[in-house]
>>> print(open('work.cif').read())   # mmCIF, C-alpha atoms and all ligand atoms; chains and numbers go by the auth columns
data_coords
loop_
_atom_site.group_PDB
_atom_site.id
_atom_site.type_symbol
_atom_site.label_atom_id
_atom_site.label_comp_id
_atom_site.label_asym_id
_atom_site.label_seq_id
_atom_site.Cartn_x
_atom_site.Cartn_y
_atom_site.Cartn_z
_atom_site.B_iso_or_equiv
_atom_site.auth_seq_id
_atom_site.auth_asym_id
ATOM 1 C CA MET A 1 -103.884 118.579 -64.648 0.00 13 A
ATOM 2 C CA ILE A 2 -105.965 121.734 -64.518 0.00 14 A
ATOM 3 C CA VAL A 3 -104.337 125.140 -64.181 0.00 15 A
ATOM 4 C CA ALA A 4 -106.875 127.875 -63.353 0.00 16 A
ATOM 5 C CA ILE A 5 -106.010 131.517 -64.009 0.00 17 A
ATOM 6 C CA ASP A 6 -108.485 134.139 -62.815 0.00 18 A
ATOM 7 C CA GLY A 7 -108.216 137.899 -62.580 0.00 19 A
ATOM 8 C CA PRO A 8 -109.531 141.207 -63.866 0.00 20 A
ATOM 9 C CA ALA A 9 -109.520 142.374 -67.490 0.00 21 A
ATOM 10 C CA GLY A 10 -106.073 143.191 -68.849 0.00 22 A
ATOM 11 C CA SER A 11 -104.140 141.505 -66.028 0.00 23 A
ATOM 12 C CA GLY A 12 -102.316 139.417 -68.629 0.00 24 A
ATOM 13 C CA LYS A 13 -104.367 136.229 -68.261 0.00 25 A
ATOM 14 C CA SER A 14 -104.686 135.474 -71.979 0.00 26 A
ATOM 15 C CA THR A 15 -101.040 136.101 -72.816 0.00 27 A
ATOM 16 C CA VAL A 16 -99.849 134.110 -69.816 0.00 28 A
ATOM 17 C CA ALA A 17 -102.341 131.257 -70.320 0.00 29 A
ATOM 18 C CA ARG A 18 -101.342 130.924 -73.984 0.00 30 A
ATOM 19 C CA ALA A 19 -97.655 130.911 -73.097 0.00 31 A
ATOM 20 C CA MET A 20 -98.259 128.335 -70.358 0.00 32 A
ATOM 21 C CA ALA A 21 -100.167 126.123 -72.794 0.00 33 A
ATOM 22 C CA SER A 22 -97.209 125.953 -75.170 0.00 34 A
ATOM 23 C CA ARG A 23 -94.609 125.656 -72.375 0.00 35 A
ATOM 24 C CA GLU A 24 -96.351 122.846 -70.525 0.00 36 A
ATOM 25 C CA GLY A 25 -98.261 121.113 -73.352 0.00 37 A
ATOM 26 C CA LEU A 26 -101.679 122.081 -71.982 0.00 38 A
ATOM 27 C CA THR A 27 -104.879 122.860 -73.881 0.00 39 A
ATOM 28 C CA TYR A 28 -105.759 126.553 -73.636 0.00 40 A
ATOM 29 C CA LEU A 29 -109.331 127.407 -72.681 0.00 41 A
ATOM 30 C CA ASP A 30 -110.376 131.070 -72.997 0.00 42 A
ATOM 31 C CA THR A 31 -113.704 131.196 -71.146 0.00 43 A
ATOM 32 C CA GLY A 32 -114.142 134.949 -71.676 0.00 44 A
ATOM 33 C CA ALA A 33 -114.347 134.221 -75.416 0.00 45 A
ATOM 34 C CA MET A 34 -117.499 132.196 -74.732 0.00 46 A
ATOM 35 C CA TYR A 35 -119.283 135.041 -72.901 0.00 47 A
ATOM 36 C CA ARG A 36 -118.139 137.333 -75.692 0.00 48 A
ATOM 37 C CA ALA A 37 -119.574 134.937 -78.298 0.00 49 A
ATOM 38 C CA VAL A 38 -123.008 135.011 -76.608 0.00 50 A
ATOM 39 C CA THR A 39 -122.835 138.818 -76.401 0.00 51 A
ATOM 40 C CA ASP A 40 -121.938 139.126 -80.083 0.00 52 A
ATOM 41 C CA ALA A 41 -124.750 136.743 -81.029 0.00 53 A
ATOM 42 C CA ALA A 42 -127.250 138.850 -79.029 0.00 54 A
ATOM 43 C CA LEU A 43 -126.028 142.122 -80.548 0.00 55 A
ATOM 44 C CA ILE A 44 -126.267 140.902 -84.140 0.00 56 A
ATOM 45 C CA ARG A 45 -129.852 139.783 -83.516 0.00 57 A
ATOM 46 C CA GLY A 46 -130.800 143.051 -81.831 0.00 58 A
ATOM 47 C CA ILE A 47 -131.521 141.293 -78.526 0.00 59 A
ATOM 48 C CA ASP A 48 -131.360 143.598 -75.504 0.00 60 A
ATOM 49 C CA VAL A 49 -128.514 142.237 -73.336 0.00 61 A
ATOM 50 C CA THR A 50 -130.469 143.044 -70.174 0.00 62 A
ATOM 51 C CA ASN A 51 -133.304 140.766 -71.303 0.00 63 A
ATOM 52 C CA SER A 52 -132.193 137.710 -69.304 0.00 64 A
ATOM 53 C CA ALA A 53 -134.826 135.343 -70.690 0.00 65 A
ATOM 54 C CA ALA A 54 -134.034 136.138 -74.334 0.00 66 A
ATOM 55 C CA VAL A 55 -130.252 136.052 -73.838 0.00 67 A
ATOM 56 C CA SER A 56 -130.291 132.767 -71.917 0.00 68 A
ATOM 57 C CA ASP A 57 -132.561 131.204 -74.511 0.00 69 A
ATOM 58 C CA LEU A 58 -130.056 132.301 -77.160 0.00 70 A
ATOM 59 C CA ALA A 59 -127.084 130.984 -75.135 0.00 71 A
ATOM 60 C CA ASN A 60 -128.723 127.563 -75.008 0.00 72 A
ATOM 61 C CA ARG A 61 -129.512 127.531 -78.738 0.00 73 A
ATOM 62 C CA ILE A 62 -126.245 128.628 -80.351 0.00 74 A
ATOM 63 C CA GLU A 63 -123.302 126.326 -80.847 0.00 75 A
ATOM 64 C CA ILE A 64 -119.998 127.778 -79.717 0.00 76 A
ATOM 65 C CA SER A 65 -116.725 126.062 -80.403 0.00 77 A
ATOM 66 C CA LEU A 66 -113.166 127.196 -79.776 0.00 78 A
ATOM 67 C CA GLU A 67 -110.303 125.945 -81.881 0.00 79 A
ATOM 68 C CA ASN A 68 -106.681 126.656 -81.128 0.00 80 A
ATOM 69 C CA GLY A 69 -105.241 129.256 -83.509 0.00 81 A
ATOM 70 C CA PRO A 70 -101.685 130.665 -83.586 0.00 82 A
ATOM 71 C CA GLU A 71 -102.761 133.931 -81.950 0.00 83 A
ATOM 72 C CA GLY A 72 -105.410 132.636 -79.589 0.00 84 A
ATOM 73 C CA PRO A 73 -108.683 130.815 -79.926 0.00 85 A
ATOM 74 C CA ILE A 74 -110.592 130.789 -83.203 0.00 86 A
ATOM 75 C CA VAL A 75 -114.195 131.299 -82.174 0.00 87 A
ATOM 76 C CA ILE A 76 -116.846 129.581 -84.269 0.00 88 A
ATOM 77 C CA VAL A 77 -120.517 130.316 -83.601 0.00 89 A
ATOM 78 C CA ASP A 78 -123.062 128.270 -85.537 0.00 90 A
ATOM 79 C CA GLY A 79 -120.402 127.589 -88.159 0.00 91 A
ATOM 80 C CA ALA A 80 -119.326 131.231 -88.630 0.00 92 A
ATOM 81 C CA ASP A 81 -115.893 132.568 -87.640 0.00 93 A
ATOM 82 C CA ARG A 82 -116.524 135.336 -85.042 0.00 94 A
ATOM 83 C CA THR A 83 -112.923 135.554 -83.763 0.00 95 A
ATOM 84 C CA LYS A 84 -112.540 139.262 -84.581 0.00 96 A
ATOM 85 C CA ALA A 85 -116.172 140.221 -84.002 0.00 97 A
ATOM 86 C CA ILE A 86 -116.069 139.232 -80.319 0.00 98 A
ATOM 87 C CA ARG A 87 -113.256 141.721 -79.551 0.00 99 A
ATOM 88 C CA THR A 88 -114.990 144.957 -80.579 0.00 100 A
ATOM 89 C CA PRO A 89 -115.570 147.831 -78.113 0.00 101 A
ATOM 90 C CA GLU A 90 -119.328 147.177 -78.465 0.00 102 A
ATOM 91 C CA VAL A 91 -118.884 143.629 -77.158 0.00 103 A
ATOM 92 C CA ASP A 92 -116.573 144.955 -74.398 0.00 104 A
ATOM 93 C CA GLU A 93 -119.337 147.319 -73.276 0.00 105 A
ATOM 94 C CA ASN A 94 -122.085 144.709 -73.207 0.00 106 A
ATOM 95 C CA VAL A 95 -120.362 141.504 -72.091 0.00 107 A
ATOM 96 C CA SER A 96 -120.619 142.097 -68.322 0.00 108 A
ATOM 97 C CA ALA A 97 -124.427 142.285 -68.528 0.00 109 A
ATOM 98 C CA VAL A 98 -124.522 138.985 -70.403 0.00 110 A
ATOM 99 C CA ALA A 99 -122.030 137.309 -68.037 0.00 111 A
ATOM 100 C CA ALA A 100 -124.187 138.305 -65.047 0.00 112 A
ATOM 101 C CA ILE A 101 -127.138 136.159 -66.207 0.00 113 A
ATOM 102 C CA PRO A 102 -127.146 132.919 -64.135 0.00 114 A
ATOM 103 C CA GLU A 103 -128.629 130.735 -66.933 0.00 115 A
ATOM 104 C CA VAL A 104 -125.985 131.971 -69.373 0.00 116 A
ATOM 105 C CA ARG A 105 -123.304 131.104 -66.828 0.00 117 A
ATOM 106 C CA SER A 106 -124.600 127.584 -66.262 0.00 118 A
ATOM 107 C CA ALA A 107 -124.679 126.931 -70.025 0.00 119 A
ATOM 108 C CA MET A 108 -121.096 128.220 -70.392 0.00 120 A
ATOM 109 C CA VAL A 109 -119.794 126.311 -67.351 0.00 121 A
ATOM 110 C CA GLU A 110 -121.243 123.115 -68.798 0.00 122 A
ATOM 111 C CA LEU A 111 -119.499 123.810 -72.110 0.00 123 A
ATOM 112 C CA GLN A 112 -116.221 124.605 -70.322 0.00 124 A
ATOM 113 C CA ARG A 113 -116.298 121.369 -68.339 0.00 125 A
ATOM 114 C CA ALA A 114 -117.270 119.303 -71.386 0.00 126 A
ATOM 115 C CA SER A 115 -114.489 120.752 -73.520 0.00 127 A
ATOM 116 C CA SER A 116 -111.908 120.039 -70.791 0.00 128 A
ATOM 117 C CA LYS A 117 -112.901 116.432 -70.137 0.00 129 A
ATOM 118 C CA ASN A 118 -109.900 114.095 -69.942 0.00 130 A
ATOM 119 C CA ALA A 119 -107.584 116.911 -71.052 0.00 131 A
ATOM 120 C CA ASP A 120 -104.719 118.761 -69.391 0.00 132 A
ATOM 121 C CA VAL A 121 -105.933 122.325 -69.470 0.00 133 A
ATOM 122 C CA VAL A 122 -104.960 125.871 -68.645 0.00 134 A
ATOM 123 C CA ALA A 123 -108.252 127.758 -68.308 0.00 135 A
ATOM 124 C CA GLU A 124 -108.577 131.488 -67.793 0.00 136 A
ATOM 125 C CA GLY A 125 -111.538 133.583 -66.692 0.00 137 A
ATOM 126 C CA ARG A 126 -113.143 135.006 -63.574 0.00 138 A
ATOM 127 C CA ASP A 127 -114.613 131.966 -61.789 0.00 139 A
ATOM 128 C CA ILE A 128 -112.353 129.111 -62.880 0.00 140 A
ATOM 129 C CA GLY A 129 -110.788 128.392 -59.490 0.00 141 A
ATOM 130 C CA THR A 130 -113.983 129.118 -57.546 0.00 142 A
ATOM 131 C CA VAL A 131 -116.781 127.565 -59.645 0.00 143 A
ATOM 132 C CA VAL A 132 -115.743 125.866 -62.894 0.00 144 A
ATOM 133 C CA PHE A 133 -112.794 123.801 -61.617 0.00 145 A
ATOM 134 C CA PRO A 134 -112.663 124.119 -57.820 0.00 146 A
ATOM 135 C CA GLU A 135 -110.502 120.965 -57.833 0.00 147 A
ATOM 136 C CA ALA A 136 -107.829 122.535 -60.105 0.00 148 A
ATOM 137 C CA GLU A 137 -104.332 121.494 -59.029 0.00 149 A
ATOM 138 C CA VAL A 138 -102.888 124.977 -59.632 0.00 150 A
ATOM 139 C CA LYS A 139 -104.866 128.197 -59.074 0.00 151 A
ATOM 140 C CA ILE A 140 -103.539 131.628 -59.925 0.00 152 A
ATOM 141 C CA TYR A 141 -105.123 135.013 -59.267 0.00 153 A
ATOM 142 C CA LEU A 142 -103.399 137.412 -61.649 0.00 154 A
ATOM 143 C CA THR A 143 -103.617 141.163 -61.096 0.00 155 A
ATOM 144 C CA ALA A 144 -101.881 144.321 -62.349 0.00 156 A
ATOM 145 C CA ASP A 145 -102.191 148.073 -61.820 0.00 157 A
ATOM 146 C CA PRO A 146 -105.159 149.563 -63.699 0.00 158 A
ATOM 147 C CA SER A 147 -102.886 151.785 -65.815 0.00 159 A
ATOM 148 C CA ALA A 148 -100.751 148.798 -66.886 0.00 160 A
ATOM 149 C CA ARG A 149 -103.908 146.830 -67.690 0.00 161 A
ATOM 150 C CA ALA A 150 -105.288 149.702 -69.800 0.00 162 A
ATOM 151 C CA ARG A 151 -101.995 150.000 -71.703 0.00 163 A
ATOM 152 C CA ARG A 152 -102.068 146.293 -72.541 0.00 164 A
ATOM 153 C CA ARG A 153 -105.671 146.490 -73.754 0.00 165 A
ATOM 154 C CA ALA A 154 -104.801 149.500 -75.942 0.00 166 A
ATOM 155 C CA VAL A 155 -101.941 147.542 -77.556 0.00 167 A
ATOM 156 C CA GLN A 156 -104.260 144.581 -78.171 0.00 168 A
ATOM 157 C CA ARG A 157 -106.888 146.813 -79.764 0.00 169 A
ATOM 158 C CA HIS A 158 -104.320 148.048 -82.238 0.00 170 A
ATOM 159 C CA GLY A 159 -103.280 144.514 -83.080 0.00 171 A
ATOM 160 C CA GLY A 160 -99.983 144.712 -81.149 0.00 172 A
ATOM 161 C CA ASP A 161 -98.301 142.090 -79.032 0.00 173 A
ATOM 162 C CA THR A 162 -98.466 142.919 -75.302 0.00 174 A
ATOM 163 C CA ALA A 163 -95.408 140.767 -74.685 0.00 175 A
ATOM 164 C CA LYS A 164 -93.300 142.954 -77.004 0.00 176 A
ATOM 165 C CA ASP A 165 -94.442 146.495 -77.630 0.00 177 A
ATOM 166 C CA LEU A 166 -96.014 147.957 -74.512 0.00 178 A
ATOM 167 C CA SER A 167 -94.297 151.288 -74.976 0.00 179 A
ATOM 168 C CA ALA A 168 -95.589 151.760 -78.508 0.00 180 A
ATOM 169 C CA VAL A 169 -99.065 152.566 -77.352 0.00 181 A
ATOM 170 C CA ALA A 170 -101.798 154.763 -78.465 0.00 182 A
ATOM 171 C CA ASP A 171 -102.361 158.216 -77.085 0.00 183 A
ATOM 172 C CA SER A 172 -102.892 158.798 -73.397 0.00 184 A
ATOM 173 C CA ALA A 173 -106.547 159.846 -73.869 0.00 185 A
ATOM 174 C CA GLU A 174 -107.284 156.460 -75.358 0.00 186 A
ATOM 175 C CA ALA A 175 -105.458 154.684 -72.518 0.00 187 A
ATOM 176 C CA ALA A 176 -107.396 156.765 -69.947 0.00 188 A
ATOM 177 C CA ALA A 177 -110.737 155.906 -71.587 0.00 189 A
ATOM 178 C CA ILE A 178 -109.837 152.218 -71.645 0.00 190 A
ATOM 179 C CA GLU A 179 -108.770 152.379 -67.988 0.00 191 A
ATOM 180 C CA ALA A 180 -112.152 153.845 -66.982 0.00 192 A
ATOM 181 C CA GLU A 181 -113.926 151.156 -68.969 0.00 193 A
ATOM 182 C CA LEU A 182 -111.854 148.351 -67.400 0.00 194 A
ATOM 183 C CA ILE A 183 -112.542 149.651 -63.894 0.00 195 A
ATOM 184 C CA ALA A 184 -116.295 149.761 -64.635 0.00 196 A
ATOM 185 C CA ARG A 185 -116.225 146.224 -66.049 0.00 197 A
ATOM 186 C CA ASP A 186 -114.262 144.869 -63.050 0.00 198 A
ATOM 187 C CA LYS A 187 -116.791 146.461 -60.722 0.00 199 A
ATOM 188 C CA ALA A 188 -119.680 144.847 -62.601 0.00 200 A
ATOM 189 C CA ASP A 189 -117.890 141.471 -62.740 0.00 201 A
ATOM 190 C CA SER A 190 -116.914 141.446 -59.069 0.00 202 A
ATOM 191 C CA THR A 191 -120.215 142.666 -57.623 0.00 203 A
ATOM 192 C CA ARG A 192 -122.600 140.427 -59.559 0.00 204 A
ATOM 193 C CA LYS A 193 -124.519 137.797 -57.565 0.00 205 A
ATOM 194 C CA THR A 194 -123.541 134.694 -59.535 0.00 206 A
ATOM 195 C CA ALA A 195 -119.900 133.599 -59.611 0.00 207 A
ATOM 196 C CA PRO A 196 -118.373 137.054 -59.095 0.00 208 A
ATOM 197 C CA LEU A 197 -114.740 137.757 -59.902 0.00 209 A
ATOM 198 C CA LYS A 198 -112.844 136.887 -56.724 0.00 210 A
ATOM 199 C CA PRO A 199 -109.776 134.873 -55.824 0.00 211 A
ATOM 200 C CA ALA A 200 -110.259 131.271 -54.728 0.00 212 A
ATOM 201 C CA GLU A 201 -109.144 130.819 -51.117 0.00 213 A
ATOM 202 C CA ASP A 202 -106.302 128.574 -52.243 0.00 214 A
ATOM 203 C CA ALA A 203 -105.200 130.725 -55.212 0.00 215 A
ATOM 204 C CA VAL A 204 -101.643 132.020 -55.453 0.00 216 A
ATOM 205 C CA HIS A 205 -101.711 135.780 -56.136 0.00 217 A
ATOM 206 C CA ILE A 206 -99.329 137.150 -58.761 0.00 218 A
ATOM 207 C CA ASP A 207 -99.084 140.870 -59.550 0.00 219 A
ATOM 208 C CA SER A 208 -97.848 141.109 -63.147 0.00 220 A
ATOM 209 C CA THR A 209 -97.353 144.910 -63.183 0.00 221 A
ATOM 210 C CA GLY A 210 -93.561 144.957 -63.249 0.00 222 A
ATOM 211 C CA LEU A 211 -93.022 141.445 -64.575 0.00 223 A
ATOM 212 C CA THR A 212 -92.393 140.101 -68.063 0.00 224 A
ATOM 213 C CA VAL A 213 -94.574 137.300 -69.424 0.00 225 A
ATOM 214 C CA ASP A 214 -91.659 134.891 -68.917 0.00 226 A
ATOM 215 C CA GLU A 215 -91.246 135.932 -65.283 0.00 227 A
ATOM 216 C CA VAL A 216 -94.948 135.295 -64.581 0.00 228 A
ATOM 217 C CA CYS A 217 -94.764 131.959 -66.417 0.00 229 A
ATOM 218 C CA ASP A 218 -91.669 130.901 -64.455 0.00 230 A
ATOM 219 C CA GLN A 219 -93.646 131.315 -61.225 0.00 231 A
ATOM 220 C CA ILE A 220 -96.548 129.274 -62.599 0.00 232 A
ATOM 221 C CA SER A 221 -94.235 126.568 -63.989 0.00 233 A
ATOM 222 C CA ALA A 222 -92.711 126.200 -60.522 0.00 234 A
ATOM 223 C CA LEU A 223 -96.215 125.693 -59.063 0.00 235 A
ATOM 224 C CA ILE A 224 -97.043 123.129 -61.765 0.00 236 A
ATOM 225 C CA SER A 225 -93.836 121.188 -61.059 0.00 237 A
ATOM 226 C CA LYS A 226 -94.695 121.179 -57.361 0.00 238 A
ATOM 227 C CA ALA A 227 -98.245 119.949 -58.095 0.00 239 A
ATOM 228 C CA ARG A 228 -96.941 117.217 -60.411 0.00 240 A
ATOM 229 C CA ALA A 229 -94.336 115.978 -57.926 0.00 241 A
HETATM 230 O O1 LIG B . -111.472 137.897 -70.195 0.00 301 A
HETATM 231 P P1 LIG B . -112.412 138.694 -71.120 0.00 301 A
HETATM 232 O O2 LIG B . -112.187 140.185 -71.069 0.00 301 A
HETATM 233 O O3 LIG B . -112.413 138.175 -72.511 0.00 301 A
HETATM 234 O O4 LIG B . -113.870 138.426 -70.513 0.00 301 A
HETATM 235 C C1 LIG B . -115.012 139.038 -71.040 0.00 301 A
HETATM 236 C C2 LIG B . -116.080 139.163 -69.976 0.00 301 A
HETATM 237 O O5 LIG B . -116.622 137.879 -69.696 0.00 301 A
HETATM 238 C C3 LIG B . -115.652 139.750 -68.647 0.00 301 A
HETATM 239 O O6 LIG B . -116.058 141.093 -68.530 0.00 301 A
HETATM 240 C C4 LIG B . -116.333 138.923 -67.604 0.00 301 A
HETATM 241 C C5 LIG B . -116.857 137.731 -68.312 0.00 301 A
HETATM 242 N N1 LIG B . -116.275 136.473 -67.860 0.00 301 A
HETATM 243 C C6 LIG B . -116.895 135.839 -66.812 0.00 301 A
HETATM 244 O O7 LIG B . -117.833 136.389 -66.228 0.00 301 A
HETATM 245 N N2 LIG B . -116.453 134.626 -66.404 0.00 301 A
HETATM 246 C C7 LIG B . -115.418 134.035 -67.007 0.00 301 A
HETATM 247 N N3 LIG B . -115.014 132.822 -66.589 0.00 301 A
HETATM 248 C C8 LIG B . -114.760 134.676 -68.075 0.00 301 A
HETATM 249 C C9 LIG B . -115.210 135.917 -68.476 0.00 301 A
#
>>> encode(input="work.cif", output="C-alpha cells")
Amino acid sequence: MIVAIDGPAGSGKSTVARAMASREGLTYLDTGAMYRAVTDAALIRGIDVTNSAAVSDLANRIEISLENGPEGPIVIVDGADRTKAIRTPEVDENVSAVAAIPEVRSAMVELQRASSKNADVVAEGRDIGTVVFPEAEVKIYLTADPSARARRRAVQRHGGDTAKDLSAVADSAEAAAIEAELIARDKADSTRKTAPLKPAEDAVHIDSTGLTVDEVCDQISALISKARA
C-alpha cells in the first residue's frame, strides 16, 4: 500500500504523514528531507545552488539515508547527522533552486523508490502522486490558507508542536515574513519545468485550514480502508 500526500509548504503534510504512519503501521517517507539534504551539502561546500552541473554531481555522490526518529526522520548524510541542519532558514531559501534541477530529481526519485520497495509507505512531497508513485492506492492533495501555513512553520521553527500550540506563536512580523517566503517557494515549486507541485488528477483534495490533525487523518483513514477493501 502506498499513500501519497502532496501539497505546498506548511499545509500539514509532515504532521499528517507521521500521524498516518503510526495509525496505519506504514513507513513514513519525507521526500522534502532529501532535497534539503542535497541543499545543505551544497551550502557547506560553498557550491552555488544555481550551478546545476555541480549540484547534480554532488547529489549523485553523497549518501543520504533517513531513519525513523520519534519526532520525524533522522537525516544522515555521508555518516553525519544533519537532521537539524536541513531545517535552517538558509536551506529553506535555497532548496527550491536545488529541487528544480532535473538530474537532482531523478537521483532523489530513484532513492525514494528504492527505499519504499516491498514496504507499505506513506510518502509526502510535491510530486509523489504524479511522478514518484503514480500507482499509489491513495493520493491526497493537502492545502491550507497561506496564513495558517505560515503560523505552523513559525511554531516548527521555534521547536513547537503544530498539533498542540498553534496559538502560542511568534510575533506577527515573523509570521508575515514566513508567509511571504512560503508563497515565493510555492511559486518556484509549482512553476518549475520538471515535476512541478500540482495535484494528481485522481488525488483527493483536503483543505486542512480549519481541521485538527485527527480530523484530517480520519478522512485519510477512510480512504485507506476503502482502498484496502
Ligand atoms: O516539504 P519541504 O518543505 O521539506 O520541502 C522542501 C523543498 O523540497 C520544497 O520547497 C520543494 C522540494 N520538494 C520537491 O521538489 N519534491 C518533493 N517530492 C519534496 C520536496
>>> atom_distance(input="work.cif", atom1="atom CA of Ile86 of chain A", atom2="atom CA of Glu193 of chain A")
25.1 Å
>>> closest_atom_pairs(input="work.cif", of="chain A", to="ligand LIG 301 (chain A)", cutoff="9 Å", atoms="only C-alpha atoms and all ligand atoms", output="JSON lines")
{"residue": "A:Asp18", "atom": "CA", "partner": "A:LIG301", "partner_atom": "N3", "distance": 7.7}
{"residue": "A:Gly19", "atom": "CA", "partner": "A:LIG301", "partner_atom": "O1", "distance": 8.3}
{"residue": "A:Pro20", "atom": "CA", "partner": "A:LIG301", "partner_atom": "O1", "distance": 7.4}
{"residue": "A:Ala21", "atom": "CA", "partner": "A:LIG301", "partner_atom": "O2", "distance": 5.0}
{"residue": "A:Gly22", "atom": "CA", "partner": "A:LIG301", "partner_atom": "O2", "distance": 7.2}
{"residue": "A:Lys25", "atom": "CA", "partner": "A:LIG301", "partner_atom": "O1", "distance": 7.6}
{"residue": "A:Ser26", "atom": "CA", "partner": "A:LIG301", "partner_atom": "O1", "distance": 7.4}
{"residue": "A:Asp42", "atom": "CA", "partner": "A:LIG301", "partner_atom": "O3", "distance": 7.4}
{"residue": "A:Thr43", "atom": "CA", "partner": "A:LIG301", "partner_atom": "C8", "distance": 4.8}
{"residue": "A:Gly44", "atom": "CA", "partner": "A:LIG301", "partner_atom": "C9", "distance": 3.5}
{"residue": "A:Ala45", "atom": "CA", "partner": "A:LIG301", "partner_atom": "O3", "distance": 5.3}
{"residue": "A:Met46", "atom": "CA", "partner": "A:LIG301", "partner_atom": "C8", "distance": 7.6}
{"residue": "A:Tyr47", "atom": "CA", "partner": "A:LIG301", "partner_atom": "O5", "distance": 5.0}
{"residue": "A:Arg48", "atom": "CA", "partner": "A:LIG301", "partner_atom": "C1", "distance": 5.9}
{"residue": "A:Ile98", "atom": "CA", "partner": "A:LIG301", "partner_atom": "O3", "distance": 8.7}
{"residue": "A:Arg99", "atom": "CA", "partner": "A:LIG301", "partner_atom": "O3", "distance": 7.9}
{"residue": "A:Val103", "atom": "CA", "partner": "A:LIG301", "partner_atom": "C1", "distance": 8.6}
{"residue": "A:Asp104", "atom": "CA", "partner": "A:LIG301", "partner_atom": "C1", "distance": 7.0}
{"residue": "A:Glu105", "atom": "CA", "partner": "A:LIG301", "partner_atom": "O6", "distance": 8.5}
{"residue": "A:Asn106", "atom": "CA", "partner": "A:LIG301", "partner_atom": "O6", "distance": 8.4}
{"residue": "A:Val107", "atom": "CA", "partner": "A:LIG301", "partner_atom": "C2", "distance": 5.3}
{"residue": "A:Ser108", "atom": "CA", "partner": "A:LIG301", "partner_atom": "O6", "distance": 4.7}
{"residue": "A:Ala109", "atom": "CA", "partner": "A:LIG301", "partner_atom": "O6", "distance": 8.5}
{"residue": "A:Val110", "atom": "CA", "partner": "A:LIG301", "partner_atom": "O5", "distance": 8.0}
{"residue": "A:Ala111", "atom": "CA", "partner": "A:LIG301", "partner_atom": "O7", "distance": 4.7}
{"residue": "A:Ala112", "atom": "CA", "partner": "A:LIG301", "partner_atom": "O7", "distance": 6.7}
{"residue": "A:Arg117", "atom": "CA", "partner": "A:LIG301", "partner_atom": "O7", "distance": 7.6}
{"residue": "A:Met120", "atom": "CA", "partner": "A:LIG301", "partner_atom": "N3", "distance": 8.5}
{"residue": "A:Val121", "atom": "CA", "partner": "A:LIG301", "partner_atom": "N3", "distance": 8.1}
{"residue": "A:Ala135", "atom": "CA", "partner": "A:LIG301", "partner_atom": "N3", "distance": 8.6}
{"residue": "A:Glu136", "atom": "CA", "partner": "A:LIG301", "partner_atom": "N3", "distance": 6.7}
{"residue": "A:Gly137", "atom": "CA", "partner": "A:LIG301", "partner_atom": "N3", "distance": 3.6}
{"residue": "A:Arg138", "atom": "CA", "partner": "A:LIG301", "partner_atom": "N3", "distance": 4.2}
{"residue": "A:Asp139", "atom": "CA", "partner": "A:LIG301", "partner_atom": "N3", "distance": 4.9}
{"residue": "A:Ile140", "atom": "CA", "partner": "A:LIG301", "partner_atom": "N3", "distance": 5.9}
{"residue": "A:Val143", "atom": "CA", "partner": "A:LIG301", "partner_atom": "N3", "distance": 8.9}
{"residue": "A:Val144", "atom": "CA", "partner": "A:LIG301", "partner_atom": "N3", "distance": 7.9}
{"residue": "A:Leu194", "atom": "CA", "partner": "A:LIG301", "partner_atom": "O6", "distance": 8.5}
{"residue": "A:Arg197", "atom": "CA", "partner": "A:LIG301", "partner_atom": "O6", "distance": 5.7}
{"residue": "A:Asp198", "atom": "CA", "partner": "A:LIG301", "partner_atom": "O6", "distance": 6.9}
{"residue": "A:Ala200", "atom": "CA", "partner": "A:LIG301", "partner_atom": "O6", "distance": 7.9}
{"residue": "A:Asp201", "atom": "CA", "partner": "A:LIG301", "partner_atom": "C4", "distance": 5.7}
{"residue": "A:Ser202", "atom": "CA", "partner": "A:LIG301", "partner_atom": "O7", "distance": 8.8}
{"residue": "A:Thr206", "atom": "CA", "partner": "A:LIG301", "partner_atom": "O7", "distance": 9.0}
{"residue": "A:Ala207", "atom": "CA", "partner": "A:LIG301", "partner_atom": "O7", "distance": 7.5}
{"residue": "A:Pro208", "atom": "CA", "partner": "A:LIG301", "partner_atom": "O7", "distance": 7.2}
{"residue": "A:Leu209", "atom": "CA", "partner": "A:LIG301", "partner_atom": "O7", "distance": 7.2}
>>> residues_around(input="work.cif", residues="Pro158 of chain A", least_positions_apart="4", cutoff="9 Å", atoms="only C-alpha atoms", output="PyMOL selection string")
chain A and resi 22-23+162-163+191-192+194-195
>>> resolve_selection(input="work.cif", expression="the PyMOL selection byres (((chain A and resi 235) around 12) and not hetatm)", output="list in words")
Met13, Ile14, Val15, Ala16, Met32, Glu36, Glu149, Val150, Lys151, Ile152, Ala215, Val216, His217, Ile218, Val228, Cys229, Asp230, Gln231, Ile232, Ser233, Ala234, Ile236, Ser237, Lys238, Ala239, Arg240 and Ala241 of chain A
>>> write_last_selection(input="work.cif", atoms="C-alpha atoms", output="mmCIF file, in the coordinates of the input")
data_model
loop_
_atom_site.group_PDB
_atom_site.id
_atom_site.type_symbol
_atom_site.label_atom_id
_atom_site.label_comp_id
_atom_site.auth_asym_id
_atom_site.auth_seq_id
_atom_site.Cartn_x
_atom_site.Cartn_y
_atom_site.Cartn_z
ATOM 1 C CA MET A 13 -103.884 118.579 -64.648
ATOM 2 C CA ILE A 14 -105.965 121.734 -64.518
ATOM 3 C CA VAL A 15 -104.337 125.140 -64.181
ATOM 4 C CA ALA A 16 -106.875 127.875 -63.353
ATOM 5 C CA MET A 32 -98.259 128.335 -70.358
ATOM 6 C CA GLU A 36 -96.351 122.846 -70.525
ATOM 7 C CA GLU A 149 -104.332 121.494 -59.029
ATOM 8 C CA VAL A 150 -102.888 124.977 -59.632
ATOM 9 C CA LYS A 151 -104.866 128.197 -59.074
ATOM 10 C CA ILE A 152 -103.539 131.628 -59.925
ATOM 11 C CA ALA A 215 -105.200 130.725 -55.212
ATOM 12 C CA VAL A 216 -101.643 132.020 -55.453
ATOM 13 C CA HIS A 217 -101.711 135.780 -56.136
ATOM 14 C CA ILE A 218 -99.329 137.150 -58.761
ATOM 15 C CA VAL A 228 -94.948 135.295 -64.581
ATOM 16 C CA CYS A 229 -94.764 131.959 -66.417
ATOM 17 C CA ASP A 230 -91.669 130.901 -64.455
ATOM 18 C CA GLN A 231 -93.646 131.315 -61.225
ATOM 19 C CA ILE A 232 -96.548 129.274 -62.599
ATOM 20 C CA SER A 233 -94.235 126.568 -63.989
ATOM 21 C CA ALA A 234 -92.711 126.200 -60.522
ATOM 22 C CA ILE A 236 -97.043 123.129 -61.765
ATOM 23 C CA SER A 237 -93.836 121.188 -61.059
ATOM 24 C CA LYS A 238 -94.695 121.179 -57.361
ATOM 25 C CA ALA A 239 -98.245 119.949 -58.095
ATOM 26 C CA ARG A 240 -96.941 117.217 -60.411
ATOM 27 C CA ALA A 241 -94.336 115.978 -57.926
#
